[in-house]
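Visitor: Would you mind keeping the following structure in view while I ask a few things?
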Amino acid sequence: MAEDNRVPHPPAPPPSVLQRIEACLAQIGRDGFAPCYLDLIEGAGARQVMVFAYRADAAACLLSRNFAEGRLGARLAAQYLDGGFRDDPLRARVLGLAPGAVEAVALAQIAPAMPAAYRATFFQRPGLGDKMAVMAAGAQLRLIVNLYRPAAGQPWPDDLPRLLGRLALLHFEARAGGGDPEALQALSGRERAVCLGILRGLKSEAIAQDLGVAATSVVTYRKRAYAKLGITSRAGLFAICRG
């Protein structure tokens, strides 16, 4: 048997921050934005991200992901939407921002204004000791991008949190206006259609018939959608689509 003398190619280096940003920009308003955006955030050292949109007395979760424990991110997003958002000291500030404004706020700047129960629920019990919140205001949306780490350490990368706020605003404003729940704007067309079917109370077979696909494909789209949204169940879907 002839000996294989081929020299193995070294593994490709991970993409740089600039390459990750360029990938996000190329997917603004498109179905591929969420994976690129999450990759950029994880590369920046965040353990968890939650993106919320706000109206006068309502909030909607547009994207949620705990990179180590998916169910934790889903649970915290549901608790936040179940009234927790009313105790967020940044809610009034983001609603009052002028269109085009983007502001980054560290946890130390807002912690004194947080009720004790709020801090226990969203920081102490889940073990998230550091946060950078980025408020972004557009013509249609008011967003907060929340970045979490287990504990304070190295400073967040210069200007990257503000850029993450602008990227989220560009993308979700490009997706807004379709009449669907804001939380579903992070999904592909098929993933969104499956979630809308679930919200209407349809079974997988009925959704499959409406879409003209196999029931197994509906299951696949549902799993992909839940992974992007940081949820694990039908109840989680209903929770993040409130408001």
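Residues in the structure tokens are named by chain (A, B, ... in the order shown) and by number from 1 within that chain; ligands are numbered from 1 in the order shown.
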Write out as JSON lines the residues of segment 79-150 of chain A that have any atom within 12 Å of an atom of segment 37-55 of chain A, one row each with the nearest atom pair and its distance in Å to one decimal, counting only C-alpha atoms, sorted by chain and then rising number.
Guide:
{"residue": "A:Tyr80", "atom": "CA", "partner": "A:Phe52", "partner_atom": "CA", "distance": 9.7}
{"residue": "A:Leu81", "atom": "CA", "partner": "A:Phe52", "partner_atom": "CA", "distance": 9.3}
{"residue": "A:Phe85", "atom": "CA", "partner": "A:Tyr54", "partner_atom": "CA", "distance": 9.2}
{"residue": "A:Arg86", "atom": "CA", "partner": "A:Tyr54", "partner_atom": "CA", "distance": 10.5}
{"residue": "A:Asp88", "atom": "CA", "partner": "A:Tyr54", "partner_atom": "CA", "distance": 11.4}
{"residue": "A:Leu90", "atom": "CA", "partner": "A:Tyr54", "partner_atom": "CA", "distance": 10.5}
{"residue": "A:Arg91", "atom": "CA", "partner": "A:Tyr54", "partner_atom": "CA", "distance": 7.4}
{"residue": "A:Ala92", "atom": "CA", "partner": "A:Tyr54", "partner_atom": "CA", "distance": 9.4}
{"residue": "A:Arg93", "atom": "CA", "partner": "A:Tyr54", "partner_atom": "CA", "distance": 10.7}
{"residue": "A:Val94", "atom": "CA", "partner": "A:Tyr54", "partner_atom": "CA", "distance": 8.0}
{"residue": "A:Leu95", "atom": "CA", "partner": "A:Tyr54", "partner_atom": "CA", "distance": 7.0}
{"residue": "A:Gly96", "atom": "CA", "partner": "A:Arg55", "partner_atom": "CA", "distance": 10.6}
{"residue": "A:Leu97", "atom": "CA", "partner": "A:Tyr54", "partner_atom": "CA", "distance": 11.7}
{"residue": "A:Phe122", "atom": "CA", "partner": "A:Met50", "partner_atom": "CA", "distance": 11.6}
{"residue": "A:Phe123", "atom": "CA", "partner": "A:Gln48", "partner_atom": "CA", "distance": 11.5}
{"residue": "A:Pro126", "atom": "CA", "partner": "A:Gln48", "partner_atom": "CA", "distance": 10.8}
{"residue": "A:Gly127", "atom": "CA", "partner": "A:Arg47", "partner_atom": "CA", "distance": 10.5}
{"residue": "A:Leu128", "atom": "CA", "partner": "A:Arg47", "partner_atom": "CA", "distance": 8.5}
{"residue": "A:Gly129", "atom": "CA", "partner": "A:Arg47", "partner_atom": "CA", "distance": 10.7}
{"residue": "A:Asp130", "atom": "CA", "partner": "A:Ala46", "partner_atom": "CA", "distance": 9.5}
{"residue": "A:Lys131", "atom": "CA", "partner": "A:Ala46", "partner_atom": "CA", "distance": 8.9}
{"residue": "A:Met132", "atom": "CA", "partner": "A:Ala46", "partner_atom": "CA", "distance": 9.4}
{"residue": "A:Ala133", "atom": "CA", "partner": "A:Met50", "partner_atom": "CA", "distance": 9.6}
{"residue": "A:Val134", "atom": "CA", "partner": "A:Val51", "partner_atom": "CA", "distance": 9.4}
{"residue": "A:Met135", "atom": "CA", "partner": "A:Phe52", "partner_atom": "CA", "distance": 9.7}
{"residue": "A:Ala136", "atom": "CA", "partner": "A:Ala53", "partner_atom": "CA", "distance": 9.6}
{"residue": "A:Ala137", "atom": "CA", "partner": "A:Ala53", "partner_atom": "CA", "distance": 9.8}
{"residue": "A:Gly138", "atom": "CA", "partner": "A:Ala53", "partner_atom": "CA", "distance": 10.9}
{"residue": "A:Gln140", "atom": "CA", "partner": "A:Ala53", "partner_atom": "CA", "distance": 10.1}
{"residue": "A:Leu141", "atom": "CA", "partner": "A:Ala53", "partner_atom": "CA", "distance": 6.6}
{"residue": "A:Arg142", "atom": "CA", "partner": "A:Ala53", "partner_atom": "CA", "distance": 5.6}
{"residue": "A:Leu143", "atom": "CA", "partner": "A:Ala53", "partner_atom": "CA", "distance": 4.5}
{"residue": "A:Ile144", "atom": "CA", "partner": "A:Phe52", "partner_atom": "CA", "distance": 5.4}
{"residue": "A:Val145", "atom": "CA", "partner": "A:Val51", "partner_atom": "CA", "distance": 4.5}
{"residue": "A:Asn146", "atom": "CA", "partner": "A:Met50", "partner_atom": "CA", "distance": 5.2}
{"residue": "A:Leu147", "atom": "CA", "partner": "A:Val49", "partner_atom": "CA", "distance": 4.8}
{"residue": "A:Tyr148", "atom": "CA", "partner": "A:Gln48", "partner_atom": "CA", "distance": 5.1}
{"residue": "A:Arg149", "atom": "CA", "partner": "A:Arg47", "partner_atom": "CA", "distance": 5.1}
{"residue": "A:Pro150", "atom": "CA", "partner": "A:Arg47", "partner_atom": "CA", "distance": 7.2}
Visitor: May I have the selected residues written with C-alpha atoms, as a PDB file, in the first residue's frame?
Guide:
ATOM      1  CA  TYR A  80     -38.457  39.553  32.148  1.00  0.00           C
ATOM      2  CA  LEU A  81     -41.483  39.722  29.852  1.00  0.00           C
ATOM      3  CA  PHE A  85     -39.263  44.687  32.377  1.00  0.00           C
ATOM      4  CA  ARG A  86     -41.243  47.246  34.383  1.00  0.00           C
ATOM      5  CA  ASP A  88     -35.695  47.773  34.467  1.00  0.00           C
ATOM      6  CA  LEU A  90     -33.334  51.610  31.465  1.00  0.00           C
ATOM      7  CA  ARG A  91     -36.847  51.129  30.108  1.00  0.00           C
ATOM      8  CA  ALA A  92     -37.884  54.774  30.508  1.00  0.00           C
ATOM      9  CA  ARG A  93     -34.523  55.960  29.174  1.00  0.00           C
ATOM     10  CA  VAL A  94     -34.682  53.955  25.965  1.00  0.00           C
ATOM     11  CA  LEU A  95     -38.262  55.078  25.317  1.00  0.00           C
ATOM     12  CA  GLY A  96     -37.104  58.683  25.620  1.00  0.00           C
ATOM     13  CA  LEU A  97     -34.122  58.417  23.254  1.00  0.00           C
ATOM     14  CA  PHE A 122     -31.700  38.440  36.724  1.00  0.00           C
ATOM     15  CA  PHE A 123     -28.156  38.565  38.103  1.00  0.00           C
ATOM     16  CA  PRO A 126     -28.309  32.888  37.403  1.00  0.00           C
ATOM     17  CA  GLY A 127     -24.681  33.819  38.184  1.00  0.00           C
ATOM     18  CA  LEU A 128     -24.441  36.783  35.806  1.00  0.00           C
ATOM     19  CA  GLY A 129     -22.324  39.337  37.628  1.00  0.00           C
ATOM     20  CA  ASP A 130     -21.471  41.734  34.797  1.00  0.00           C
ATOM     21  CA  LYS A 131     -23.595  43.433  32.164  1.00  0.00           C
ATOM     22  CA  MET A 132     -23.294  45.965  29.385  1.00  0.00           C
ATOM     23  CA  ALA A 133     -26.600  47.345  28.091  1.00  0.00           C
ATOM     24  CA  VAL A 134     -26.802  49.149  24.767  1.00  0.00           C
ATOM     25  CA  MET A 135     -29.851  51.310  24.087  1.00  0.00           C
ATOM     26  CA  ALA A 136     -30.603  52.063  20.426  1.00  0.00           C
ATOM     27  CA  ALA A 137     -33.439  54.188  19.043  1.00  0.00           C
ATOM     28  CA  GLY A 138     -34.663  54.106  15.472  1.00  0.00           C
ATOM     29  CA  GLN A 140     -39.743  52.445  14.458  1.00  0.00           C
ATOM     30  CA  LEU A 141     -38.069  50.607  17.326  1.00  0.00           C
ATOM     31  CA  ARG A 142     -36.513  51.209  20.714  1.00  0.00           C
ATOM     32  CA  LEU A 143     -34.112  48.400  21.533  1.00  0.00           C
ATOM     33  CA  ILE A 144     -31.860  47.335  24.384  1.00  0.00           C
ATOM     34  CA  VAL A 145     -29.097  44.819  23.645  1.00  0.00           C
ATOM     35  CA  ASN A 146     -28.059  43.231  26.951  1.00  0.00           C
ATOM     36  CA  LEU A 147     -24.635  41.539  27.105  1.00  0.00           C
ATOM     37  CA  TYR A 148     -23.803  39.438  30.181  1.00  0.00           C
ATOM     38  CA  ARG A 149     -20.705  37.832  31.682  1.00  0.00           C
ATOM     39  CA  PRO A 150     -20.304  35.796  34.905  1.00  0.00           C
TER      40      PRO A 150
END
Visitor: Can you list, as a PDB file with N, CA, C and O atoms, in the first residue's frame, every residue of segment 80-121 of chain A that DSSP puts in strand (DSSP E)?
Guide:
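File written: part37.pdb
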ATOM      1  N   VAL A 102     -27.615  56.079  20.218  1.00  0.00           N
ATOM      2  CA  VAL A 102     -27.153  54.797  20.755  1.00  0.00           C
ATOM      3  C   VAL A 102     -26.324  55.095  21.997  1.00  0.00           C
ATOM      4  O   VAL A 102     -25.398  55.914  21.944  1.00  0.00           O
ATOM      5  N   GLU A 103     -26.667  54.449  23.120  1.00  0.00           N
ATOM      6  CA  GLU A 103     -25.954  54.666  24.367  1.00  0.00           C
ATOM      7  C   GLU A 103     -25.605  53.326  25.002  1.00  0.00           C
ATOM      8  O   GLU A 103     -26.447  52.427  25.052  1.00  0.00           O
ATOM      9  N   ALA A 104     -24.375  53.203  25.497  1.00  0.00           N
ATOM     10  CA  ALA A 104     -23.933  52.005  26.209  1.00  0.00           C
ATOM     11  C   ALA A 104     -23.836  52.331  27.695  1.00  0.00           C
ATOM     12  O   ALA A 104     -23.282  53.365  28.073  1.00  0.00           O
ATOM     13  N   VAL A 105     -24.386  51.449  28.531  1.00  0.00           N
ATOM     14  CA  VAL A 105     -24.433  51.673  29.968  1.00  0.00           C
ATOM     15  C   VAL A 105     -23.931  50.420  30.683  1.00  0.00           C
ATOM     16  O   VAL A 105     -24.447  49.324  30.463  1.00  0.00           O
ATOM     17  N   ALA A 106     -22.937  50.579  31.558  1.00  0.00           N
ATOM     18  CA  ALA A 106     -22.399  49.455  32.322  1.00  0.00           C
ATOM     19  C   ALA A 106     -23.275  49.176  33.537  1.00  0.00           C
ATOM     20  O   ALA A 106     -24.009  50.040  34.018  1.00  0.00           O
TER      21      ALA A 106
END
Visitor: Just the residues within 10 Å of Ala23 of chain A, please, counting only C-alpha atoms, with nothing from its chain fewer than 2 positions along; format it as a PyMOL selection string.
Guide: chain A and resi 15+17-21+25-28+32-33+35-37+39-40
Visitor: Can you tell me, as number ranges by chain, which residues in segment 20-223 of chain A count as helix (DSSP H, G or I) by DSSP?
Guide: A: 20-26, 33-43, 70-81, 84-87, 91-95, 107-113, 116-124, 160-175, 182-186, 189-199, 204-211, 215-223
Visitor: Once you count only C-alpha atoms, what closest atom pair and distance in Å to one decimal does each residue of segment 158-197 of chain A within 12 Å of segment 56-69 of chain A have, with rows by chain and rising residue number, as a tab-separated table?
Guide:
residue	atom	partner	partner_atom	distance
A:Ala168	CA	A:Leu62	CA	9.5
A:Leu169	CA	A:Leu62	CA	10.9
A:His171	CA	A:Leu62	CA	10.9
A:Phe172	CA	A:Leu62	CA	8.3
A:Glu173	CA	A:Leu62	CA	11.4
A:Arg175	CA	A:Leu62	CA	11.0
A:Ala176	CA	A:Leu62	CA	11.1
A:Asp180	CA	A:Ala60	CA	11.7
A:Pro181	CA	A:Ala60	CA	8.0
A:Glu182	CA	A:Leu62	CA	6.1
A:Ala183	CA	A:Leu62	CA	4.0
A:Leu184	CA	A:Leu62	CA	6.7
A:Gln185	CA	A:Leu62	CA	6.7
A:Ala186	CA	A:Leu62	CA	6.5
A:Leu187	CA	A:Leu63	CA	9.5
